[in-house]
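Listing of start-v5.txt, compact mmCIF, C-alpha atoms (C1' of nucleotides)
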```txt
# COMPACT_ATOMS: atom_id res chain seq x y z
CA MET C 1 -0.13 28.31 -1.86
CA THR C 2 -1.39 24.81 -2.39
CA LYS C 3 -2.94 24.32 -5.75
CA PRO C 4 -6.33 22.60 -5.75
CA ASN C 5 -5.15 19.70 -7.91
CA PRO C 6 -1.51 18.89 -7.34
CA THR C 7 -1.40 16.09 -9.89
CA LEU C 8 -2.26 16.01 -13.53
CA HIS C 9 -3.98 12.64 -13.28
CA PRO C 10 -5.63 12.44 -9.87
CA LEU C 11 -5.69 9.17 -8.00
CA THR C 12 -8.53 6.75 -8.65
CA PRO C 13 -10.94 6.17 -5.74
CA ASP C 14 -9.19 2.88 -5.13
CA GLU C 15 -5.81 4.56 -5.02
CA GLN C 16 -7.17 7.29 -2.78
CA ARG C 17 -8.43 4.72 -0.32
CA PHE C 18 -5.06 2.99 -0.44
CA ALA C 19 -3.10 6.20 0.10
CA LYS C 20 -5.42 7.30 2.91
CA MET C 21 -4.72 4.07 4.79
CA LEU C 22 -0.97 4.46 4.30
CA LYS C 23 -1.11 8.05 5.49
CA ALA C 24 -3.09 7.10 8.58
CA LEU C 25 -0.53 4.43 9.43
CA GLY C 26 2.37 6.83 8.84
CA ASN C 27 1.75 8.56 12.16
CA PRO C 28 3.67 6.85 14.99
CA LEU C 29 0.83 7.01 17.50
CA ARG C 30 -1.76 5.66 15.08
CA PHE C 31 0.68 2.97 14.02
CA GLN C 32 0.93 1.88 17.64
CA ILE C 33 -2.79 2.01 18.25
CA VAL C 34 -3.25 -0.45 15.40
CA GLN C 35 -0.60 -2.73 16.87
CA ILE C 36 -2.17 -2.55 20.32
CA LEU C 37 -5.54 -3.47 18.86
CA ALA C 38 -3.95 -6.33 16.95
CA GLU C 39 -2.61 -7.69 20.21
CA LYS C 40 -5.58 -7.02 22.49
CA GLN C 41 -8.27 -7.60 19.85
CA VAL C 42 -10.57 -5.16 21.67
CA CYS C 43 -9.95 -1.94 23.62
CA ILE C 44 -12.14 0.89 24.86
CA THR C 45 -10.86 4.40 24.25
CA GLY C 46 -9.69 4.82 27.83
CA GLU C 47 -7.44 1.80 27.63
CA ILE C 48 -5.80 3.12 24.50
CA VAL C 49 -5.30 6.50 26.18
CA GLU C 50 -3.46 4.74 29.02
CA PHE C 51 -0.92 3.36 26.56
CA THR C 52 0.09 6.88 25.64
CA THR C 53 1.19 10.10 27.32
CA LEU C 54 -1.33 12.11 25.33
CA ALA C 55 -4.62 13.76 26.25
CA GLN C 56 -7.86 11.84 25.81
CA SER C 57 -9.08 14.30 23.22
CA THR C 58 -5.96 13.82 21.15
CA VAL C 59 -6.26 10.05 21.15
CA SER C 60 -9.94 10.33 20.26
CA GLN C 61 -9.00 12.44 17.28
CA HIS C 62 -6.46 9.89 16.09
CA LEU C 63 -9.07 7.16 16.46
CA LYS C 64 -11.31 9.19 14.18
CA VAL C 65 -8.60 9.28 11.52
CA LEU C 66 -8.16 5.52 11.80
CA ARG C 67 -11.93 5.04 11.56
CA GLU C 68 -12.19 7.27 8.49
CA ALA C 69 -9.36 5.35 6.87
CA GLY C 70 -11.32 2.16 7.53
CA LEU C 71 -8.62 0.62 9.68
CA VAL C 72 -10.59 0.36 12.92
CA GLU C 73 -14.19 0.11 13.99
CA GLY C 74 -15.77 1.68 17.06
CA GLU C 75 -18.90 0.27 18.64
CA VAL C 76 -20.72 2.24 21.32
CA ASP C 77 -21.06 0.21 24.51
CA GLY C 78 -22.87 2.14 27.18
CA PRO C 79 -20.83 5.20 28.03
CA ALA C 80 -17.70 3.71 26.43
CA THR C 81 -16.70 2.92 22.87
CA CYS C 82 -15.24 -0.43 21.98
CA TYR C 83 -12.57 -0.42 19.28
CA CYS C 84 -11.20 -3.25 17.21
CA LEU C 85 -9.42 -3.57 13.89
CA ASN C 86 -11.48 -3.69 10.72
CA ALA C 87 -10.16 -7.06 9.66
CA ALA C 88 -11.70 -7.03 6.19
CA ASN C 89 -10.21 -3.67 5.30
CA ILE C 90 -6.80 -4.53 6.69
CA ARG C 91 -6.87 -7.70 4.66
CA TRP C 92 -7.72 -5.56 1.65
CA LEU C 93 -4.75 -3.27 2.39
CA LYS C 94 -2.34 -6.17 2.72
CA GLU C 95 -3.49 -7.71 -0.53
CA ARG C 96 -3.45 -4.33 -2.21
CA ILE C 97 0.15 -3.65 -1.32
CA GLY C 98 1.12 -7.25 -2.05
CA GLY C 99 0.04 -6.86 -5.66
CA TRP C 100 1.22 -3.29 -5.96
CA LEU C 101 3.97 -2.34 -8.42
CA ALA C 102 3.71 -5.89 -9.71
CA GLY C 103 6.81 -7.06 -11.52
CA CYS C 104 8.77 -3.93 -10.75
CA CYS C 105 10.66 -4.97 -7.68
CA GLU C 106 11.62 -8.56 -8.26
CA PRO C 107 15.24 -9.53 -7.52
CA ASP C 108 16.08 -9.66 -11.23
CA THR C 109 14.74 -6.21 -11.97
CA GLU C 110 18.11 -4.55 -11.58
CA ALA C 111 19.28 -6.04 -14.86
CA VAL C 112 16.14 -4.70 -16.56
CA ILE C 113 16.76 -1.25 -15.14
CA LYS C 114 20.37 -1.28 -16.26
CA ASN C 115 19.15 -2.11 -19.75
CA VAL C 116 16.67 0.77 -19.71
CA LYS C 117 19.37 3.12 -18.53
CA LYS C 118 21.61 1.93 -21.35
CA LYS C 119 18.88 2.44 -23.95
CA ARG C 120 18.30 5.92 -22.65
CA SER C 121 22.05 6.51 -22.52
CA CYS C 122 21.45 7.77 -19.05
CA CYS C 123 23.07 7.04 -15.71
CA MET N 1 2.02 22.00 21.51
CA THR N 2 3.60 18.76 20.31
CA LYS N 3 5.23 16.83 23.12
CA PRO N 4 8.70 15.48 22.36
CA ASN N 5 7.68 11.83 22.89
CA PRO N 6 4.04 11.24 22.01
CA THR N 7 4.08 7.55 22.85
CA LEU N 8 5.03 5.74 26.02
CA HIS N 9 6.85 2.99 24.14
CA PRO N 10 8.46 4.55 21.08
CA LEU N 11 8.64 2.64 17.84
CA THR N 12 11.59 0.35 17.24
CA PRO N 13 13.99 1.38 14.44
CA ASP N 14 12.39 -1.24 12.26
CA GLU N 15 8.92 0.12 12.97
CA GLN N 16 10.15 3.66 12.39
CA ARG N 17 11.51 2.70 9.01
CA PHE N 18 8.22 1.00 8.18
CA ALA N 19 6.10 3.97 9.30
CA LYS N 20 8.36 6.40 7.44
CA MET N 21 7.77 4.53 4.20
CA LEU N 22 4.01 4.46 4.76
CA LYS N 23 3.99 8.17 5.51
CA ALA N 24 5.97 8.97 2.38
CA LEU N 25 3.51 6.97 0.30
CA GLY N 26 0.51 8.64 1.97
CA ASN N 27 1.02 11.80 -0.07
CA PRO N 28 -0.86 11.63 -3.40
CA LEU N 29 1.95 13.12 -5.47
CA ARG N 30 4.62 10.88 -3.99
CA PHE N 31 2.32 7.91 -4.42
CA GLN N 32 2.07 8.75 -8.10
CA ILE N 33 5.78 9.32 -8.54
CA VAL N 34 6.38 5.81 -7.27
CA GLN N 35 3.82 4.44 -9.69
CA ILE N 36 5.33 6.37 -12.58
CA LEU N 37 8.78 5.00 -11.73
CA ALA N 38 7.35 1.50 -11.52
CA GLU N 39 6.02 1.89 -15.03
CA LYS N 40 8.94 3.73 -16.64
CA GLN N 41 11.69 2.04 -14.61
CA VAL N 42 13.86 5.14 -14.95
CA CYS N 43 13.07 8.87 -15.07
CA ILE N 44 15.12 12.01 -14.72
CA THR N 45 13.68 14.71 -12.46
CA GLY N 46 12.46 16.81 -15.36
CA GLU N 47 10.35 13.98 -16.73
CA ILE N 48 8.67 13.51 -13.38
CA VAL N 49 8.00 17.24 -13.17
CA GLU N 50 6.23 17.04 -16.54
CA PHE N 51 3.77 14.51 -15.12
CA THR N 52 2.60 17.09 -12.61
CA THR N 53 1.34 20.66 -12.51
CA LEU N 54 3.79 21.54 -9.76
CA ALA N 55 6.99 23.55 -9.69
CA GLN N 56 10.31 21.83 -10.21
CA SER N 57 11.46 22.74 -6.71
CA THR N 58 8.37 21.14 -5.20
CA VAL N 59 8.87 17.88 -7.04
CA SER N 60 12.53 17.88 -6.09
CA GLN N 61 11.52 18.18 -2.44
CA HIS N 62 9.11 15.24 -2.73
CA LEU N 63 11.84 13.19 -4.36
CA LYS N 64 14.03 13.93 -1.37
CA VAL N 65 11.34 12.57 0.97
CA LEU N 66 11.07 9.43 -1.13
CA ARG N 67 14.84 9.06 -1.11
CA GLU N 68 15.04 9.47 2.66
CA ALA N 69 12.33 6.87 3.08
CA GLY N 70 14.42 4.53 0.96
CA LEU N 71 11.76 4.14 -1.70
CA VAL N 72 13.70 5.62 -4.62
CA GLU N 73 17.31 6.08 -5.62
CA GLY N 74 18.77 9.02 -7.47
CA GLU N 75 21.94 8.74 -9.50
CA VAL N 76 23.65 11.82 -10.83
CA ASP N 77 24.03 11.65 -14.61
CA GLY N 78 25.75 14.71 -15.98
CA PRO N 79 23.58 17.72 -15.20
CA ALA N 80 20.52 15.52 -14.58
CA THR N 81 19.59 13.02 -11.89
CA CYS N 82 18.30 9.60 -12.80
CA TYR N 83 15.66 8.17 -10.49
CA CYS N 84 14.45 4.61 -10.11
CA LEU N 85 12.71 2.62 -7.42
CA ASN N 86 14.82 1.05 -4.70
CA ALA N 87 13.66 -2.48 -5.47
CA ALA N 88 15.23 -4.10 -2.42
CA ASN N 89 13.59 -1.70 -0.01
CA ILE N 90 10.22 -1.90 -1.69
CA ARG N 91 10.46 -5.67 -1.49
CA TRP N 92 11.21 -5.27 2.20
CA LEU N 93 8.15 -3.04 2.63
CA LYS N 94 5.88 -5.51 0.90
CA GLU N 95 7.15 -8.41 2.97
CA ARG N 96 6.96 -6.31 6.12
CA ILE N 97 3.32 -5.44 5.63
CA GLY N 98 2.52 -8.97 4.49
CA GLY N 99 3.64 -10.36 7.80
CA TRP N 100 2.28 -7.47 9.83
CA LEU N 101 -0.47 -7.99 12.40
CA ALA N 102 -0.04 -11.68 11.77
CA GLY N 103 -3.02 -13.75 12.69
CA CYS N 104 -5.16 -10.75 13.57
CA CYS N 105 -7.03 -10.20 10.34
CA GLU N 106 -7.84 -13.64 9.06
CA PRO N 107 -11.41 -14.24 7.90
CA ASP N 108 -12.22 -16.26 11.04
CA THR N 109 -11.01 -13.57 13.42
CA GLU N 110 -14.45 -12.09 13.87
CA ALA N 111 -15.51 -15.07 15.96
CA VAL N 112 -12.42 -14.62 18.14
CA ILE N 113 -13.19 -10.96 18.64
CA LYS N 114 -16.80 -11.69 19.55
CA ASN N 115 -15.49 -14.08 22.17
CA VAL N 116 -13.13 -11.47 23.60
CA LYS N 117 -15.94 -8.94 23.73
CA LYS N 118 -18.10 -11.49 25.54
CA LYS N 119 -15.36 -12.21 28.09
CA ARG N 120 -14.96 -8.50 28.70
CA SER N 121 -18.73 -8.09 28.85
CA CYS N 122 -18.19 -5.26 26.45
CA CYS N 123 -19.87 -4.35 23.20
C1' DT M 1 -34.51 14.48 38.03
C1' DT M 2 -29.64 14.70 39.29
C1' DG M 3 -25.17 13.20 39.06
C1' DC M 4 -21.36 10.25 37.29
C1' DT M 5 -18.54 8.19 33.60
C1' DA M 6 -16.63 7.74 29.11
C1' DT M 7 -16.13 9.71 24.92
C1' DA M 8 -16.56 12.92 21.04
C1' DT M 9 -16.33 17.47 19.45
C1' DC M 10 -15.03 22.44 19.64
C1' DG M 11 -11.84 26.24 19.71
C1' DT M 12 -7.26 27.33 19.49
C1' DA M 13 -2.12 27.35 19.35
C1' DA M 14 2.18 25.20 17.90
C1' DA M 15 4.46 22.49 14.63
C1' DA M 16 4.99 20.21 10.36
C1' DT M 17 3.93 19.85 5.58
C1' DT M 18 3.43 21.62 1.09
C1' DA M 19 4.10 24.89 -2.33
C1' DC M 20 6.36 28.68 -4.73
C1' DG M 21 10.07 31.71 -6.71
C1' DA M 22 14.82 32.74 -6.33
C1' DT M 23 19.34 31.20 -5.91
C1' DA M 24 23.27 27.98 -5.67
C1' DT M 25 25.67 24.09 -7.66
C1' DA M 26 27.66 20.85 -10.82
C1' DG M 27 28.49 19.01 -15.19
C1' DA M 28 28.49 19.56 -20.36
C1' DA M 29 29.20 22.45 -24.33
C1' DG M 30 31.07 26.21 -26.65
C1' DC L 1 36.89 30.47 -18.92
C1' DT L 2 32.10 31.33 -19.95
C1' DT L 3 27.55 29.77 -20.78
C1' DC L 4 23.78 26.69 -20.73
C1' DT L 5 21.10 23.01 -18.59
C1' DA L 6 19.23 20.29 -14.95
C1' DT L 7 18.66 19.92 -10.37
C1' DA L 8 19.00 20.79 -5.39
C1' DT L 9 18.57 23.95 -1.75
C1' DC L 10 17.02 28.30 0.47
C1' DG L 11 13.67 31.51 2.27
C1' DT L 12 9.04 32.14 2.89
C1' DA L 13 3.88 31.85 2.90
C1' DA L 14 -0.35 29.06 3.02
C1' DT L 15 -2.29 24.93 4.59
C1' DT L 16 -2.64 20.89 7.27
C1' DT L 17 -1.61 18.24 11.19
C1' DT L 18 -1.14 17.59 15.94
C1' DA L 19 -2.01 18.65 20.55
C1' DC L 20 -4.33 20.70 24.46
C1' DG L 21 -8.13 22.16 27.67
C1' DA L 22 -12.91 23.03 27.79
C1' DT L 23 -17.35 21.70 26.63
C1' DA L 24 -21.12 18.86 24.74
C1' DT L 25 -23.29 14.37 24.53
C1' DA L 26 -25.05 9.90 25.73
C1' DG L 27 -25.79 6.21 28.76
C1' DC L 28 -26.16 4.45 33.44
C1' DA L 29 -27.11 4.81 38.45
C1' DA L 30 -28.98 6.75 42.50
```

As structure tokens, what does this structure read like?
Amino acid sequence: MTKPNPTLHPLTPDEQRFAKMLKALGNPLRFQIVQILAEKQVCITGEIVEFTTLAQSTVSQHLKVLREAGLVEGEVDGPATCYCLNAANIRWLKERIGGWLAGCCEPDTEAVIKNVKKKRSCC
Amino acid sequence: MTKPNPTLHPLTPDEQRFAKMLKALGNPLRFQIVQILAEKQVCITGEIVEFTTLAQSTVSQHLKVLREAGLVEGEVDGPATCYCLNAANIRWLKERIGGWLAGCCEPDTEAVIKNVKKKRSCC
DNA sequence: TTGCTATATCGTAAAATTACGATATAGAAG
DNA sequence: CTTCTATATCGTAATTTTACGATATAGCAA
């Protein structure tokens, strides 16, 4: 089925970028690739492939997803491609989630929620 | 195809929990549901359905994913179910990503990476 | 040029996700 | 007990994701 617009108010470009990064990181292999790059700073594709049990073409495809989400950068180096994290964008992501849902998840929020529930005579 | 274990070193339980949350948030509708709950504090299923153009069963399924990721809590209230964010777990997520990839994405990392590339005579 | 190496892309198949309508369930109201 | 209401779950179809092998591409070396 799949309707063209699943939400009444579509995400803003900023939110789309945010959600795209989260989605890219939600895959276990891509999550690990990011962690490997964080540790090694720089890897060529072949080195990343060696960390996995997957085919080269599969890893290359995952790297594309990470690139399109802005999480990694690939630089052609002769026949190889050199990957590293996109530090600026990852910083953006961390700040973005740090400020997300501001004031909604503080330790004292439970009292607020209980009050809302009471007002609504619900729960 | 889908091999049973796509990575050589599978994610730790902590990393799995983290990735599961990110994946859940990567879907635009679920992303919005979380934002709606952050704003309203409390919603019953029907209210969330009204924010979307989707069927009630579809929204209910997405709420299940959010519940299983630990992002929301549902409390049965008569015939309805009252949803709110799971503040403790969202706090955990925010702290987890804040400390993630520590020291790898600071503004001065680019110099470090250039040095690594130089050492590797790569890129 | 020819050949080698590393990677990206293509074509395709399996699996997972997403969506729907229909149905089951559980509590409240009559 | 019966009915209504709200929601969850079921069965299923369309779409997307994930994975593979095969092929194309681009740079380097002989």

Query raised in the report: Once you count all atoms listed in the file, which residues of chain N turn out to be within 8 Å of chain C? Could you give them as a PyMOL selection string?
Result: chain N and resi 6-9+11+16+19-29+31-32+35+38-39+41-42+51-54+75-77+81-82+85-88+90-91+94-95+97-98+101+104-107+109-110+113+116-117+122-123

**Report entry** Residue hits in chain M, query chain N, radius 9 Å, all atoms listed in the file, as a ChimeraX atom specification
**Finding:** /M:13-15,18-20,26-28

**Report entry** Interatomic distance (Å, one decimal) between atom C1' of L:DA14 and atom CA of C:Leu66
**Finding:**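 Taking atom C1' of L:DA14 and atom CA of C:Leu66, their separation equals 26.3 Å.
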
Report task. Can you check which residues of chain L have any atom within 10 Å of chain C? Use only C-alpha atoms (C1' of nucleotides) and format it as a VMD selection string. Result -> chain L and resid 13 to 15 18 to 21 26 to 28

Any chance you could dump chain N, least-squares fitted to chain C on all C-alpha atoms in order, as a PDB file with C-alpha atoms, in the frame of the given file?
```pdb
ATOM      1  CA  MET N   1       0.012  28.067  -1.550  1.00  0.00           C
ATOM      2  CA  THR N   2      -1.403  24.588  -2.128  1.00  0.00           C
ATOM      3  CA  LYS N   3      -2.979  24.228  -5.544  1.00  0.00           C
ATOM      4  CA  PRO N   4      -6.374  22.521  -5.591  1.00  0.00           C
ATOM      5  CA  ASN N   5      -5.195  19.662  -7.845  1.00  0.00           C
ATOM      6  CA  PRO N   6      -1.521  18.882  -7.330  1.00  0.00           C
ATOM      7  CA  THR N   7      -1.403  16.093  -9.886  1.00  0.00           C
ATOM      8  CA  LEU N   8      -2.309  16.046 -13.547  1.00  0.00           C
ATOM      9  CA  HIS N   9      -3.978  12.646 -13.294  1.00  0.00           C
ATOM     10  CA  PRO N  10      -5.619  12.413  -9.882  1.00  0.00           C
ATOM     11  CA  LEU N  11      -5.670   9.144  -8.013  1.00  0.00           C
ATOM     12  CA  THR N  12      -8.505   6.724  -8.659  1.00  0.00           C
ATOM     13  CA  PRO N  13     -10.914   6.123  -5.744  1.00  0.00           C
ATOM     14  CA  ASP N  14      -9.168   2.845  -5.126  1.00  0.00           C
ATOM     15  CA  GLU N  15      -5.773   4.536  -5.031  1.00  0.00           C
ATOM     16  CA  GLN N  16      -7.156   7.265  -2.790  1.00  0.00           C
ATOM     17  CA  ARG N  17      -8.428   4.697  -0.343  1.00  0.00           C
ATOM     18  CA  PHE N  18      -5.054   2.963  -0.424  1.00  0.00           C
ATOM     19  CA  ALA N  19      -3.086   6.192   0.096  1.00  0.00           C
ATOM     20  CA  LYS N  20      -5.431   7.277   2.888  1.00  0.00           C
ATOM     21  CA  MET N  21      -4.715   4.079   4.786  1.00  0.00           C
ATOM     22  CA  LEU N  22      -0.963   4.468   4.308  1.00  0.00           C
ATOM     23  CA  LYS N  23      -1.122   8.059   5.491  1.00  0.00           C
ATOM     24  CA  ALA N  24      -3.097   7.115   8.584  1.00  0.00           C
ATOM     25  CA  LEU N  25      -0.522   4.463   9.431  1.00  0.00           C
ATOM     26  CA  GLY N  26       2.377   6.877   8.841  1.00  0.00           C
ATOM     27  CA  ASN N  27       1.749   8.587  12.170  1.00  0.00           C
ATOM     28  CA  PRO N  28       3.677   6.879  15.002  1.00  0.00           C
ATOM     29  CA  LEU N  29       0.828   7.019  17.505  1.00  0.00           C
ATOM     30  CA  ARG N  30      -1.755   5.684  15.080  1.00  0.00           C
ATOM     31  CA  PHE N  31       0.684   2.999  14.012  1.00  0.00           C
ATOM     32  CA  GLN N  32       0.941   1.920  17.628  1.00  0.00           C
ATOM     33  CA  ILE N  33      -2.785   2.027  18.249  1.00  0.00           C
ATOM     34  CA  VAL N  34      -3.240  -0.419  15.403  1.00  0.00           C
ATOM     35  CA  GLN N  35      -0.590  -2.688  16.858  1.00  0.00           C
ATOM     36  CA  ILE N  36      -2.149  -2.511  20.306  1.00  0.00           C
ATOM     37  CA  LEU N  37      -5.544  -3.438  18.850  1.00  0.00           C
ATOM     38  CA  ALA N  38      -3.958  -6.306  16.953  1.00  0.00           C
ATOM     39  CA  GLU N  39      -2.603  -7.643  20.212  1.00  0.00           C
ATOM     40  CA  LYS N  40      -5.584  -6.976  22.487  1.00  0.00           C
ATOM     41  CA  GLN N  41      -8.279  -7.565  19.855  1.00  0.00           C
ATOM     42  CA  VAL N  42     -10.584  -5.143  21.659  1.00  0.00           C
ATOM     43  CA  CYS N  43      -9.963  -1.928  23.617  1.00  0.00           C
ATOM     44  CA  ILE N  44     -12.159   0.876  24.842  1.00  0.00           C
ATOM     45  CA  THR N  45     -10.873   4.403  24.230  1.00  0.00           C
ATOM     46  CA  GLY N  46      -9.713   4.847  27.803  1.00  0.00           C
ATOM     47  CA  GLU N  47      -7.459   1.811  27.619  1.00  0.00           C
ATOM     48  CA  ILE N  48      -5.802   3.137  24.494  1.00  0.00           C
ATOM     49  CA  VAL N  49      -5.305   6.509  26.165  1.00  0.00           C
ATOM     50  CA  GLU N  50      -3.486   4.750  29.015  1.00  0.00           C
ATOM     51  CA  PHE N  51      -0.931   3.369  26.558  1.00  0.00           C
ATOM     52  CA  THR N  52       0.088   6.904  25.666  1.00  0.00           C
ATOM     53  CA  THR N  53       1.183  10.109  27.360  1.00  0.00           C
ATOM     54  CA  LEU N  54      -1.340  12.121  25.377  1.00  0.00           C
ATOM     55  CA  ALA N  55      -4.629  13.753  26.273  1.00  0.00           C
ATOM     56  CA  GLN N  56      -7.860  11.850  25.836  1.00  0.00           C
ATOM     57  CA  SER N  57      -9.094  14.318  23.231  1.00  0.00           C
ATOM     58  CA  THR N  58      -5.954  13.818  21.163  1.00  0.00           C
ATOM     59  CA  VAL N  59      -6.281  10.056  21.144  1.00  0.00           C
ATOM     60  CA  SER N  60      -9.949  10.358  20.276  1.00  0.00           C
ATOM     61  CA  GLN N  61      -9.000  12.470  17.264  1.00  0.00           C
ATOM     62  CA  HIS N  62      -6.455   9.885  16.090  1.00  0.00           C
ATOM     63  CA  LEU N  63      -9.068   7.174  16.461  1.00  0.00           C
ATOM     64  CA  LYS N  64     -11.327   9.195  14.203  1.00  0.00           C
ATOM     65  CA  VAL N  65      -8.607   9.295  11.528  1.00  0.00           C
ATOM     66  CA  LEU N  66      -8.168   5.544  11.803  1.00  0.00           C
ATOM     67  CA  ARG N  67     -11.917   5.059  11.559  1.00  0.00           C
ATOM     68  CA  GLU N  68     -12.183   7.271   8.483  1.00  0.00           C
ATOM     69  CA  ALA N  69      -9.363   5.346   6.863  1.00  0.00           C
ATOM     70  CA  GLY N  70     -11.317   2.171   7.524  1.00  0.00           C
ATOM     71  CA  LEU N  71      -8.608   0.639   9.674  1.00  0.00           C
ATOM     72  CA  VAL N  72     -10.577   0.390  12.921  1.00  0.00           C
ATOM     73  CA  GLU N  73     -14.191   0.129  13.975  1.00  0.00           C
ATOM     74  CA  GLY N  74     -15.760   1.699  17.020  1.00  0.00           C
ATOM     75  CA  GLU N  75     -18.888   0.306  18.609  1.00  0.00           C
ATOM     76  CA  VAL N  76     -20.720   2.243  21.269  1.00  0.00           C
ATOM     77  CA  ASP N  77     -21.044   0.208  24.465  1.00  0.00           C
ATOM     78  CA  GLY N  78     -22.884   2.108  27.149  1.00  0.00           C
ATOM     79  CA  PRO N  79     -20.864   5.205  27.985  1.00  0.00           C
ATOM     80  CA  ALA N  80     -17.715   3.743  26.394  1.00  0.00           C
ATOM     81  CA  THR N  81     -16.706   2.947  22.830  1.00  0.00           C
ATOM     82  CA  CYS N  82     -15.250  -0.412  21.945  1.00  0.00           C
ATOM     83  CA  TYR N  83     -12.577  -0.390  19.261  1.00  0.00           C
ATOM     84  CA  CYS N  84     -11.210  -3.236  17.184  1.00  0.00           C
ATOM     85  CA  LEU N  85      -9.415  -3.553  13.882  1.00  0.00           C
ATOM     86  CA  ASN N  86     -11.486  -3.667  10.717  1.00  0.00           C
ATOM     87  CA  ALA N  87     -10.156  -7.059   9.654  1.00  0.00           C
ATOM     88  CA  ALA N  88     -11.689  -7.028   6.184  1.00  0.00           C
ATOM     89  CA  ASN N  89     -10.191  -3.678   5.295  1.00  0.00           C
ATOM     90  CA  ILE N  90      -6.794  -4.528   6.696  1.00  0.00           C
ATOM     91  CA  ARG N  91      -6.864  -7.712   4.654  1.00  0.00           C
ATOM     92  CA  TRP N  92      -7.678  -5.574   1.637  1.00  0.00           C
ATOM     93  CA  LEU N  93      -4.729  -3.285   2.401  1.00  0.00           C
ATOM     94  CA  LYS N  94      -2.327  -6.180   2.710  1.00  0.00           C
ATOM     95  CA  GLU N  95      -3.489  -7.732  -0.538  1.00  0.00           C
ATOM     96  CA  ARG N  96      -3.435  -4.343  -2.235  1.00  0.00           C
ATOM     97  CA  ILE N  97       0.167  -3.663  -1.337  1.00  0.00           C
ATOM     98  CA  GLY N  98       1.142  -7.254  -2.083  1.00  0.00           C
ATOM     99  CA  GLY N  99       0.045  -6.874  -5.660  1.00  0.00           C
ATOM    100  CA  TRP N 100       1.246  -3.300  -5.979  1.00  0.00           C
ATOM    101  CA  LEU N 101       3.984  -2.354  -8.437  1.00  0.00           C
ATOM    102  CA  ALA N 102       3.731  -5.888  -9.720  1.00  0.00           C
ATOM    103  CA  GLY N 103       6.790  -7.092 -11.509  1.00  0.00           C
ATOM    104  CA  CYS N 104       8.780  -3.955 -10.765  1.00  0.00           C
ATOM    105  CA  CYS N 105      10.663  -4.989  -7.664  1.00  0.00           C
ATOM    106  CA  GLU N 106      11.646  -8.571  -8.244  1.00  0.00           C
ATOM    107  CA  PRO N 107      15.254  -9.501  -7.491  1.00  0.00           C
ATOM    108  CA  ASP N 108      16.115  -9.664 -11.209  1.00  0.00           C
ATOM    109  CA  THR N 109      14.754  -6.208 -11.961  1.00  0.00           C
ATOM    110  CA  GLU N 110      18.117  -4.543 -11.580  1.00  0.00           C
ATOM    111  CA  ALA N 111      19.285  -6.047 -14.858  1.00  0.00           C
ATOM    112  CA  VAL N 112      16.150  -4.720 -16.566  1.00  0.00           C
ATOM    113  CA  ILE N 113      16.746  -1.261 -15.182  1.00  0.00           C
ATOM    114  CA  LYS N 114      20.374  -1.278 -16.292  1.00  0.00           C
ATOM    115  CA  ASN N 115      19.141  -2.117 -19.766  1.00  0.00           C
ATOM    116  CA  VAL N 116      16.647   0.747 -19.745  1.00  0.00           C
ATOM    117  CA  LYS N 117      19.336   3.136 -18.574  1.00  0.00           C
ATOM    118  CA  LYS N 118      21.587   1.917 -21.383  1.00  0.00           C
ATOM    119  CA  LYS N 119      18.851   2.428 -23.987  1.00  0.00           C
ATOM    120  CA  ARG N 120      18.274   5.931 -22.687  1.00  0.00           C
ATOM    121  CA  SER N 121      22.020   6.534 -22.571  1.00  0.00           C
ATOM    122  CA  CYS N 122      21.381   7.779 -19.092  1.00  0.00           C
ATOM    123  CA  CYS N 123      23.059   7.038 -15.798  1.00  0.00           C
TER     124      CYS N 123
END
```

Query raised in the report: How many Å lie between atom CA of C:Leu71 and atom CA of N:Gly70, rounded to one decimal?
Result: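 Atom CA of C:Leu71 sits 24.9 Å away from atom CA of N:Gly70.
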
Report summary line: As a check of understanding: the span from atom C1' of L:DT17 to atom C1' of M:DA16 is 6.9 Å

Using all atoms of stretch 28-32 of chain C that appear in the file, construct an axis-aligned enclosing box with 6 Å of padding on every side and provide its centre coordinates and edge lengths in Å, rounded to one decimal, as JSON.
```
{"center_x": 1.0, "center_y": 4.4, "center_z": 15.8, "size_x": 17.4, "size_y": 17.1, "size_z": 15.6}
```
